[in-house]
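Listing of target.txt; format and content: compact mmCIF, C-alpha atoms.
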# COMPACT_ATOMS: atom_id res chain seq x y z
CA MET A 173 -45.58 -17.19 34.45
CA ALA A 174 -46.03 -13.63 35.73
CA GLN A 175 -45.33 -10.83 33.28
CA GLY A 176 -41.70 -9.73 33.47
CA GLN A 177 -40.41 -13.04 34.83
CA GLN A 178 -37.73 -14.75 32.74
CA GLU A 179 -38.10 -18.43 31.96
CA THR A 180 -35.31 -20.64 33.28
CA VAL A 181 -33.27 -22.25 30.48
CA ALA A 182 -31.98 -25.77 31.13
CA THR A 183 -28.31 -26.62 30.50
CA SER A 184 -26.27 -29.80 30.94
CA LEU A 185 -22.65 -28.65 31.20
CA ALA A 186 -21.04 -27.54 34.41
CA GLY A 187 -19.48 -24.09 34.43
CA ALA A 188 -16.09 -25.65 34.95
CA VAL A 189 -16.21 -27.09 31.40
CA GLY A 190 -16.19 -23.68 29.80
CA GLU A 191 -13.52 -22.46 32.16
CA GLU A 192 -11.29 -25.42 31.30
CA ILE A 193 -11.76 -24.86 27.57
CA SER A 194 -10.99 -21.15 27.92
CA ALA A 195 -7.86 -21.95 29.90
CA SER A 196 -6.71 -24.47 27.30
CA LEU A 197 -7.22 -21.96 24.49
CA ALA A 198 -5.59 -19.01 26.24
CA PRO A 199 -2.25 -19.58 24.43
CA VAL A 200 -4.11 -19.73 21.11
CA ASP A 201 -5.95 -16.49 21.94
CA ALA A 202 -2.62 -14.81 22.66
CA GLU A 203 -1.09 -16.20 19.47
CA LEU A 204 -3.99 -14.91 17.38
CA GLU A 205 -3.58 -11.43 18.85
CA ARG A 206 0.16 -11.48 18.23
CA ARG A 207 0.21 -12.88 14.73
CA TYR A 208 -3.03 -11.44 13.39
CA PRO A 209 -3.65 -8.01 14.93
CA GLY A 210 -5.65 -6.86 11.90
CA ASP A 211 -5.24 -3.82 9.68
CA PRO A 212 -3.43 -0.93 11.38
CA GLY A 213 -6.20 1.46 10.33
CA THR A 214 -3.78 3.95 8.81
CA ARG A 215 -3.95 5.35 5.30
CA GLN A 216 -2.60 3.10 2.56
CA PRO A 217 -1.22 5.02 -0.41
CA VAL A 218 -2.64 4.09 -3.80
CA HIS A 219 0.83 3.91 -5.32
CA THR A 220 4.56 4.18 -4.76
CA VAL A 221 6.64 6.36 -7.07
CA TYR A 222 10.30 5.43 -7.53
CA VAL A 223 12.89 8.15 -8.28
CA PRO A 224 16.63 7.37 -8.66
CA GLY A 225 18.78 8.69 -5.82
CA ASP A 226 20.74 10.97 -8.15
CA SER A 227 17.56 12.43 -9.69
CA PHE A 228 15.64 13.23 -6.52
CA ALA A 229 15.37 16.96 -5.87
CA ALA A 230 13.41 19.38 -3.73
CA ASP A 231 10.92 19.96 -6.54
CA THR A 232 10.50 16.32 -7.63
CA LEU A 233 6.93 15.98 -6.34
CA ARG A 234 5.78 19.20 -7.98
CA THR A 235 7.63 18.36 -11.19
CA TRP A 236 5.85 14.99 -11.43
CA GLY A 237 2.51 16.68 -10.91
CA ASP A 238 3.22 19.36 -13.49
CA GLN A 239 4.39 16.82 -16.06
CA ALA A 240 1.26 14.74 -15.49
CA LEU A 241 -0.94 17.81 -15.95
CA ALA A 242 0.96 18.71 -19.12
CA ALA A 243 0.32 15.20 -20.45
CA LEU A 244 -3.40 15.68 -19.87
CA ASP A 245 -3.34 19.09 -21.52
CA GLU A 246 -1.65 17.64 -24.58
CA HIS A 247 -3.36 14.27 -24.96
CA ALA A 248 -6.72 14.60 -23.13
CA PRO A 249 -7.51 18.28 -22.53
CA ASP A 250 -11.07 17.73 -21.31
CA ALA A 251 -13.27 15.18 -19.59
CA ALA A 252 -14.85 13.90 -22.81
CA SER A 253 -11.53 13.15 -24.51
CA PHE A 254 -10.08 11.49 -21.41
CA ALA A 255 -13.20 9.38 -20.95
CA ALA A 256 -13.10 8.35 -24.60
CA VAL A 257 -9.53 7.10 -24.23
CA LEU A 258 -10.26 5.06 -21.10
CA GLY A 259 -13.84 4.03 -21.81
CA LEU A 260 -15.27 5.84 -18.80
CA PRO A 261 -19.09 6.01 -18.68
CA ASP A 262 -20.67 9.42 -19.22
CA ASP A 263 -21.74 9.83 -15.60
CA LEU A 264 -18.17 9.37 -14.38
CA ALA A 265 -16.33 11.35 -17.05
CA GLU A 266 -16.56 14.82 -15.49
CA PRO A 267 -16.26 13.81 -11.80
CA VAL A 268 -13.23 11.63 -12.47
CA TYR A 269 -11.45 14.10 -14.74
CA THR A 270 -12.05 17.01 -12.35
CA ARG A 271 -10.77 15.03 -9.40
CA VAL A 272 -7.72 13.78 -11.30
CA ARG A 273 -6.67 17.32 -12.17
CA ALA A 274 -7.31 18.52 -8.62
CA LYS A 275 -5.28 15.63 -7.24
CA LEU A 276 -2.34 16.37 -9.53
CA GLU A 277 -2.38 19.98 -8.41
CA ARG A 278 -2.83 19.27 -4.70
CA GLU A 279 -1.10 15.94 -4.00
CA PRO A 280 0.41 14.41 -7.14
CA VAL A 281 2.35 11.68 -5.28
CA GLU A 282 1.10 9.75 -2.26
CA ASP A 283 4.23 7.69 -1.59
CA LEU A 284 7.73 8.37 -2.89
CA ARG A 285 10.76 6.13 -2.64
CA VAL A 286 14.21 7.49 -3.38
CA ASP A 287 15.84 4.53 -5.06
CA PHE A 288 19.36 3.34 -4.31
CA GLU A 289 18.88 -0.09 -5.86
CA ASP A 290 18.00 -0.99 -9.48
CA GLY A 291 17.12 2.59 -10.39
CA TYR A 292 20.44 3.87 -9.09
CA GLY A 293 23.06 1.28 -9.90
CA PRO A 294 26.65 0.99 -8.65
CA ARG A 295 28.37 4.30 -7.89
CA PRO A 296 31.51 5.37 -6.02
CA ASP A 297 30.91 5.18 -2.27
CA ALA A 298 31.40 8.90 -1.76
CA GLU A 299 28.79 9.66 -4.41
CA GLU A 300 26.19 7.34 -2.87
CA ASP A 301 26.97 8.69 0.60
CA GLU A 302 26.24 12.21 -0.59
CA ALA A 303 23.08 11.17 -2.42
CA ALA A 304 21.76 9.41 0.70
CA ALA A 305 22.58 12.41 2.87
CA ARG A 306 20.91 14.73 0.37
CA ALA A 307 17.79 12.54 0.33
CA ALA A 308 17.63 12.83 4.13
CA ARG A 309 17.98 16.63 4.01
CA LEU A 310 15.36 17.04 1.31
CA ILE A 311 12.82 14.69 2.89
CA ALA A 312 13.28 16.27 6.32
CA GLY A 313 12.86 19.69 4.74
CA ALA A 314 9.73 18.65 2.86
CA TYR A 315 8.07 17.41 6.04
CA ALA A 316 9.13 20.58 7.85
CA ASP A 317 7.65 22.95 5.24
CA GLY A 318 4.54 20.91 4.45
CA THR A 319 5.46 19.94 0.89
CA ALA A 320 6.12 16.24 1.58
CA ALA A 321 4.09 13.38 0.20
CA PRO A 322 2.12 11.52 2.88
CA TYR A 323 4.79 8.79 2.74
CA MET A 324 8.46 9.11 1.78
CA GLY A 325 11.63 7.09 2.23
CA ILE A 326 14.30 5.10 0.43
CA ARG A 327 14.83 1.72 -1.16
CA MET A 328 18.25 0.49 -0.09
CA LYS A 329 20.30 -2.23 -1.70
CA CYS A 330 19.45 -5.78 -0.65
CA MET A 331 21.00 -8.05 1.97
CA GLU A 332 22.85 -10.24 -0.53
CA ALA A 333 26.60 -10.44 0.01
CA PRO A 334 27.88 -8.35 -2.96
CA VAL A 335 25.93 -5.21 -1.98
CA ARG A 336 25.10 -5.80 1.69
CA ASP A 337 27.67 -3.46 3.21
CA ARG A 338 26.78 -0.69 0.78
CA GLY A 339 23.07 -1.07 1.52
CA ILE A 340 23.65 -0.96 5.28
CA ARG A 341 25.79 2.15 4.97
CA THR A 342 23.27 3.95 2.77
CA LEU A 343 20.51 3.21 5.25
CA ASP A 344 22.70 4.43 8.11
CA VAL A 345 23.61 7.65 6.31
CA PHE A 346 19.96 8.31 5.43
CA LEU A 347 18.46 7.58 8.85
CA THR A 348 21.24 9.44 10.64
CA GLY A 349 20.63 12.46 8.45
CA LEU A 350 16.91 12.38 9.21
CA THR A 351 17.46 12.19 12.96
CA GLU A 352 19.89 15.09 12.83
CA HIS A 353 17.08 17.21 11.38
CA GLY A 354 14.61 16.30 14.13
CA ALA A 355 12.24 13.46 14.90
CA LEU A 356 11.70 10.79 12.27
CA PRO A 357 8.62 11.71 10.20
CA ASP A 358 5.48 9.66 10.71
CA GLY A 359 5.39 8.98 6.97
CA LEU A 360 8.86 7.40 6.83
CA VAL A 361 8.93 4.19 4.78
CA LEU A 362 11.92 1.96 4.03
CA THR A 363 11.99 -0.76 1.39
CA LEU A 364 14.20 -3.86 1.54
CA PRO A 365 14.45 -5.37 -1.96
CA LYS A 366 15.18 -8.85 -3.31
CA VAL A 367 14.43 -10.70 -0.08
CA THR A 368 14.85 -14.46 -0.53
CA TYR A 369 15.29 -15.89 2.97
CA PRO A 370 13.62 -14.97 6.28
CA GLU A 371 17.10 -14.62 7.75
CA GLN A 372 17.58 -11.52 5.57
CA VAL A 373 14.49 -10.02 7.19
CA THR A 374 15.89 -10.89 10.61
CA ALA A 375 19.11 -9.13 9.65
CA MET A 376 17.11 -6.00 8.77
CA VAL A 377 15.38 -6.17 12.14
CA ARG A 378 18.72 -6.41 13.97
CA LEU A 379 20.05 -3.49 11.91
CA LEU A 380 17.10 -1.27 12.85
CA GLU A 381 17.31 -2.34 16.49
CA ALA A 382 20.96 -1.28 16.54
CA PHE A 383 20.14 2.08 14.97
CA GLU A 384 17.29 2.75 17.40
CA GLU A 385 19.57 1.96 20.32
CA ALA A 386 22.37 4.15 18.94
CA ARG A 387 20.05 7.14 18.45
CA GLY A 388 17.94 6.66 21.56
CA LEU A 389 14.75 5.90 19.65
CA GLU A 390 11.78 3.95 20.92
CA PRO A 391 12.27 0.22 20.20
CA GLY A 392 10.26 -0.83 17.16
CA ARG A 393 9.92 2.76 15.90
CA ILE A 394 11.21 1.97 12.39
CA GLY A 395 9.34 -0.41 10.09
CA PHE A 396 10.01 -1.52 6.55
CA GLU A 397 8.51 -3.06 3.43
CA ILE A 398 9.61 -6.42 2.06
CA GLN A 399 9.96 -6.61 -1.70
CA ILE A 400 9.05 -9.96 -3.25
CA GLU A 401 11.15 -10.43 -6.37
CA THR A 402 12.35 -14.04 -6.30
CA SER A 403 10.55 -17.36 -6.57
CA GLN A 404 12.18 -18.51 -3.34
CA ALA A 405 10.37 -15.71 -1.51
CA ILE A 406 7.08 -17.39 -2.41
CA LEU A 407 7.97 -21.08 -2.13
CA ALA A 408 10.90 -22.32 -0.05
CA ALA A 409 12.97 -25.42 -0.75
CA ASP A 410 10.94 -27.33 1.84
CA GLY A 411 7.64 -26.41 0.18
CA THR A 412 6.56 -23.83 2.75
CA ALA A 413 5.41 -20.30 1.92
CA THR A 414 8.54 -18.27 2.60
CA VAL A 415 6.68 -14.98 2.59
CA ALA A 416 4.64 -16.02 5.62
CA ARG A 417 7.85 -16.79 7.51
CA MET A 418 9.26 -13.42 6.44
CA ILE A 419 6.34 -11.60 8.04
CA GLN A 420 6.99 -13.37 11.31
CA ALA A 421 10.73 -12.79 11.02
CA ALA A 422 10.04 -9.05 10.85
CA GLU A 423 8.84 -9.16 14.47
CA GLY A 424 6.06 -6.66 13.88
CA ARG A 425 8.14 -4.24 11.80
CA ALA A 426 6.88 -5.31 8.36
CA THR A 427 4.48 -2.76 6.91
CA GLY A 428 4.08 -4.05 3.37
CA LEU A 429 4.81 -6.72 0.78
CA HIS A 430 5.63 -5.25 -2.62
CA TYR A 431 5.54 -7.39 -5.73
CA GLY A 432 8.44 -6.83 -8.13
CA THR A 433 6.95 -7.53 -11.54
CA PHE A 434 10.03 -7.85 -13.69
CA ASP A 435 12.58 -9.40 -11.36
CA TYR A 436 10.05 -12.03 -10.28
CA SER A 437 8.98 -12.77 -13.86
CA ALA A 438 12.58 -13.09 -15.01
CA CYS A 439 13.32 -15.40 -12.08
CA LEU A 440 10.67 -17.78 -13.41
CA GLY A 441 11.94 -17.55 -16.98
CA VAL A 442 9.03 -15.50 -18.33
CA SER A 443 10.16 -13.89 -21.60
CA ALA A 444 10.46 -10.12 -21.65
CA ALA A 445 7.47 -9.65 -23.95
CA HIS A 446 5.17 -11.37 -21.45
CA GLN A 447 6.46 -9.91 -18.20
CA ALA A 448 3.43 -8.10 -16.77
CA SER A 449 1.43 -7.80 -13.58
CA ASP A 450 -1.46 -9.78 -15.09
CA HIS A 451 0.66 -12.80 -16.07
CA PRO A 452 -0.45 -16.06 -14.38
CA ALA A 453 2.90 -16.25 -12.57
CA ALA A 454 2.26 -12.79 -11.13
CA ASP A 455 -1.27 -13.71 -10.09
CA HIS A 456 0.00 -16.77 -8.24
CA ALA A 457 2.73 -14.86 -6.40
CA LYS A 458 0.40 -12.06 -5.33
CA ALA A 459 -2.28 -14.51 -4.21
CA VAL A 460 0.25 -16.22 -1.92
CA MET A 461 1.40 -12.84 -0.63
CA GLN A 462 -2.20 -11.80 -0.01
CA VAL A 463 -3.08 -14.93 1.95
CA ALA A 464 0.14 -14.78 3.97
CA ALA A 465 -0.46 -11.13 4.88
CA ALA A 466 -4.19 -11.35 5.63
CA GLY A 467 -4.93 -10.28 9.17
CA THR A 468 -1.31 -9.51 10.01
CA GLY A 469 -1.53 -5.76 9.41
CA VAL A 470 0.95 -6.06 6.51
CA ARG A 471 -0.37 -4.56 3.27
CA VAL A 472 0.19 -5.98 -0.22
CA SER A 473 1.20 -3.85 -3.20
CA ASP A 474 1.08 -4.72 -6.87
CA GLY A 475 4.04 -3.95 -9.13
CA SER A 476 4.33 -1.72 -12.16
CA THR A 477 4.15 -1.60 -15.92
CA ASN A 478 7.21 -0.67 -17.97
CA VAL A 479 5.12 0.63 -20.88
CA LEU A 480 5.53 4.39 -20.63
CA PRO A 481 2.97 6.92 -21.92
CA VAL A 482 5.37 8.85 -24.14
CA GLY A 483 5.51 9.69 -27.85
CA PRO A 484 2.65 10.54 -30.22
CA ALA A 485 -0.93 10.73 -28.96
CA ALA A 486 -1.92 7.26 -30.18
CA GLN A 487 1.01 5.71 -28.34
CA VAL A 488 0.26 7.63 -25.16
CA HIS A 489 -3.39 6.61 -25.32
CA ASP A 490 -2.46 2.94 -25.73
CA ALA A 491 -0.15 3.12 -22.71
CA TRP A 492 -2.84 4.89 -20.70
CA ARG A 493 -5.40 2.23 -21.53
CA LEU A 494 -2.98 -0.51 -20.52
CA HIS A 495 -2.10 1.14 -17.22
CA TYR A 496 -5.72 1.99 -16.44
CA GLY A 497 -6.81 -1.60 -17.14
CA LEU A 498 -4.03 -3.12 -15.03
CA THR A 499 -4.83 -0.79 -12.14
CA ARG A 500 -8.55 -1.56 -12.27
CA ARG A 501 -7.77 -5.27 -12.41
CA ALA A 502 -5.56 -4.98 -9.34
CA LEU A 503 -8.18 -3.02 -7.39
CA ALA A 504 -10.80 -5.68 -8.08
CA ARG A 505 -8.37 -8.23 -6.64
CA ALA A 506 -7.86 -6.14 -3.47
CA TYR A 507 -4.37 -4.92 -4.39
CA TYR A 508 -5.00 -1.31 -3.44
CA GLN A 509 -1.48 -0.08 -4.13
CA GLY A 510 0.93 -0.34 -7.05
CA TRP A 511 4.08 1.21 -8.45
CA ASP A 512 4.25 4.12 -10.87
CA MET A 513 7.47 4.67 -12.76
CA HIS A 514 6.69 7.78 -14.86
CA PRO A 515 4.75 11.05 -14.38
CA GLY A 516 2.55 10.05 -17.30
CA HIS A 517 1.20 7.16 -15.24
CA LEU A 518 -0.32 9.46 -12.62
CA PRO A 519 -3.41 10.50 -14.63
CA THR A 520 -4.47 6.91 -15.23
CA ARG A 521 -3.53 5.77 -11.72
CA TYR A 522 -5.90 8.31 -10.23
CA ALA A 523 -8.52 7.86 -12.93
CA ALA A 524 -8.66 4.13 -12.23
CA VAL A 525 -8.75 4.62 -8.46
CA PHE A 526 -11.37 7.37 -8.55
CA ALA A 527 -13.58 5.49 -10.99
CA PHE A 528 -13.32 2.35 -8.85
CA TYR A 529 -14.54 4.11 -5.72
CA ARG A 530 -17.07 6.41 -7.32
CA GLU A 531 -18.85 3.81 -9.40
CA GLY A 532 -19.46 1.62 -6.36
CA PHE A 533 -20.09 4.43 -3.89
CA THR A 534 -23.87 4.61 -3.99
CA GLN A 535 -24.43 0.90 -3.54
CA ALA A 536 -21.73 0.50 -0.87
CA ALA A 537 -23.04 3.47 1.13
CA ALA A 538 -26.63 2.24 0.96
CA ARG A 539 -25.69 -1.28 2.06
CA LEU A 540 -23.64 0.01 4.98
CA ALA A 541 -26.40 2.43 6.01
CA ARG A 542 -28.93 -0.43 6.06
CA TYR A 543 -26.55 -2.59 8.06
CA ALA A 544 -25.82 0.16 10.57
CA SER A 545 -29.54 0.89 11.09
CA ARG A 546 -30.51 -2.81 11.00
CA THR A 547 -32.82 -2.07 8.08
CA ALA A 548 -33.73 -4.94 5.75
CA GLY A 549 -32.71 -4.70 2.12
CA ASP A 550 -32.22 -6.88 -0.94
CA VAL A 551 -28.82 -8.13 0.35
CA MET A 552 -28.32 -9.67 3.79
CA ASP A 553 -24.92 -8.44 4.91
CA GLU A 554 -22.81 -9.81 7.73
CA PRO A 555 -20.25 -8.04 9.96
CA ALA A 556 -17.43 -9.11 7.65
CA THR A 557 -19.19 -7.45 4.73
CA ALA A 558 -19.78 -4.30 6.76
CA LYS A 559 -16.05 -4.29 7.45
CA ALA A 560 -15.32 -4.50 3.71
CA LEU A 561 -17.90 -1.82 2.86
CA SER A 562 -16.56 0.65 5.40
CA GLY A 563 -12.97 -0.08 4.37
CA TYR A 564 -13.93 0.64 0.77
CA LEU A 565 -15.41 4.01 1.72
CA LEU A 566 -12.45 4.93 3.92
CA ARG A 567 -9.96 4.20 1.14
CA GLY A 568 -12.07 6.30 -1.20
CA LEU A 569 -11.96 9.16 1.28
CA ASP A 570 -8.23 8.88 1.87
CA CYS A 571 -7.25 9.17 -1.79
CA GLY A 572 -9.75 11.91 -2.66
CA ALA A 573 -12.18 9.86 -4.73
CA LEU A 574 -14.94 10.59 -2.21
CA ASP A 575 -15.76 13.60 -0.04
CA ALA A 576 -16.50 13.34 3.68
CA ALA A 577 -19.79 15.22 3.37
CA GLU A 578 -21.22 12.95 0.68
CA VAL A 579 -20.19 9.81 2.55
CA THR A 580 -21.76 10.99 5.79
CA GLU A 581 -24.94 12.04 3.97
CA ALA A 582 -25.26 8.68 2.21
CA THR A 583 -24.41 6.49 5.20
CA GLY A 584 -25.40 8.56 8.20
CA LEU A 585 -21.99 7.68 9.67
CA THR A 586 -19.05 9.80 10.71
CA ARG A 587 -15.51 8.82 9.83
CA THR A 588 -14.95 7.59 13.37
CA GLU A 589 -18.00 5.33 13.04
CA LEU A 590 -16.78 4.06 9.67
CA GLU A 591 -13.45 3.21 11.27
CA GLY A 592 -15.28 1.27 13.97
CA PHE A 593 -16.93 -0.93 11.36
CA ALA A 594 -13.70 -1.29 9.37
CA ALA A 595 -11.62 -2.51 12.30
CA PRO A 596 -13.81 -4.32 14.84
CA ARG A 597 -12.11 -6.02 17.75
CA ARG A 598 -11.26 -9.66 17.16
CA GLY A 599 -14.33 -11.82 17.66
CA ASP A 600 -16.66 -8.81 17.98
CA LEU A 601 -19.50 -9.65 15.60
CA THR A 602 -21.74 -6.88 16.90
CA ALA A 603 -19.72 -3.83 15.90
CA SER A 604 -22.11 -0.92 15.76
CA THR A 605 -22.21 2.85 15.97
CA LYS A 606 -22.91 2.80 19.69
Target format structure tokens, applied to this file:
Amino acid sequence: MAQGQQETVATSLAGAVGEEISASLAPVDAELERRYPGDPGTRQPVHTVYVPGDSFAADTLRTWGDQALAALDEHAPDAASFAAVLGLPDDLAEPVYTRVRAKLEREPVEDLRVDFEDGYGPRPDAEEDEAAARAARLIAGAYADGTAAPYMGIRMKCMEAPVRDRGIRTLDVFLTGLTEHGALPDGLVLTLPKVTYPEQVTAMVRLLEAFEEARGLEPGRIGFEIQIETSQAILAADGTATVARMIQAAEGRATGLHYGTFDYSACLGVSAAHQASDHPAADHAKAVMQVAAAGTGVRVSDGSTNVLPVGPAAQVHDAWRLHYGLTRRALARAYYQGWDMHPGHLPTRYAAVFAFYREGFTQAAARLARYASRTAGDVMDEPATAKALSGYLLRGLDCGALDAAEVTEATGLTRTELEGFAAPRRGDLTASTK
């Protein structure tokens, strides 16, 4: 064979066979794209902070940050003492502590929910109306003057009959107030609690559709989180995974699934002393949520601990160790978000998150760099692993655990290139930096 000529490869199937198969699978291809679009590629906050509707004020975010810094000053005034409490290795002590303090000064809260449910309780209608309107004014003002958290919104009352009308009205008052102050902020997040049946999700969809139509908004503009707090939300009476049906019932509006530690535990009869996010019942629920949400673009959030870091130093340190350990455990299980209920939880939330990303940074960056350059190493990574590695680095960048310059230096990749590896097109197994 002359140089440059390509050898003919023999085949047995007619071209029509492949065309027929492709035609038969076209509906499946469309269904995959609709149901499993993949991660949206937006920032996921590392936590959600809940503040009762009557306590939320213009300075709430700064107050939480200042109280968290004061807790560090009192109970862990330097890197060595903080590391000793949490068991941080020497090489991470200073970087983590420095970044925690900087985070608390710059962006103490990543996601705030003004609570009109369990944290608020029943109030006269006029009082709740005013609190919802005030929340709208304050959140709109915070986004206007640049003091807002990346994500902010409300948790309304649920769709169960006794509180349904009140929840709908509060949502209406809040959203109307926001629209009267301008366009809805990009960081708007709504939380629908105590969802038991997919029909309740459908009702929320219809409610938002009606609001969008009334205010002339783009259809589908408003999304919401689904809070999983009942056993029926995990397993339906017919044995199916209800949470999977809830995601579909949301018609593309669901942004997250949030695990409610204490309501869910109580629903299963777990005694108060053992209600925690690392209980086997919690692990089961979150595993079902995680599998149901995988590939749909809906993110999963862990719950909270009710052990507050208050009181004498020894008690604060014990609470910090508990919270740090639970957060690290959740991160290892790919629950990258949780709830924080007290300013004293912020130091250990960020310490756990920063330690998680910094301790694995060198290895993750090196593996991704080898993959991107097609260089052999001691681990043979596949596209799916490259996706996980780049996602890990992007989350570290988003929260402040990693700096853009150090990531680019270690990987040779820009953020745009990292995003290309983190969210390849469906079926594209050759994602590269081209």
Q. At a cut-off of 12 Å from (-16.0, 6.5, -18.1) in the coordinates of the file, what residues are picked up using all atoms listed in the file, written as a PyMOL selection string?
A. chain A and resi 251-269+493+496+520+523-524+526-528+530-531
**Q.** Neighbour list for segment 472-488 of chain A as a ChimeraX atom specification, cut-off 7 Å, all atoms listed in the file, skip fewer than 5 positions in-chain
**A.** /A:247,428-433,448-449,461-462,495,507-512,514,516-517
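Nearest to Asp358 of chain A of all the residues A:Leu565, A:Ile400, A:Ala316, A:Val525 is A:Ala316, based on only C-alpha atoms.
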Q: Find the distance between atom CA of Ala405 of chain A and atom CA of Glu300 of chain A and write it in Å to one decimal.
A: 28.0 Å
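Distance annotation: of A:Arg521, A:Arg338, A:Arg378, A:Arg234, the residue with the minimal separation from Arg500 of chain A is A:Arg521; atom set is only C-alpha atoms.
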Q: Go through A:Thr427, A:Thr368, A:Pro391, A:Ala314 one by one, measure the shortest atom-to-atom distance of each to Leu407 of chain A using all atoms listed in the file, and give the residue with the smallest value.
A: A:Thr368
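Look at Ala308 of chain A: the protein and nucleic acid residues within 7 Å of it, using all atoms listed in the file and passing over chain neighbours fewer than 3 places away, are A:Ala304, A:Ala305, A:Ile311, A:Ala312, A:Phe346, A:Gly349, A:Leu350.
Interatomic distance, atom CA of Glu401 of chain A against atom CA of Arg285 of chain A: 17.0 Å.
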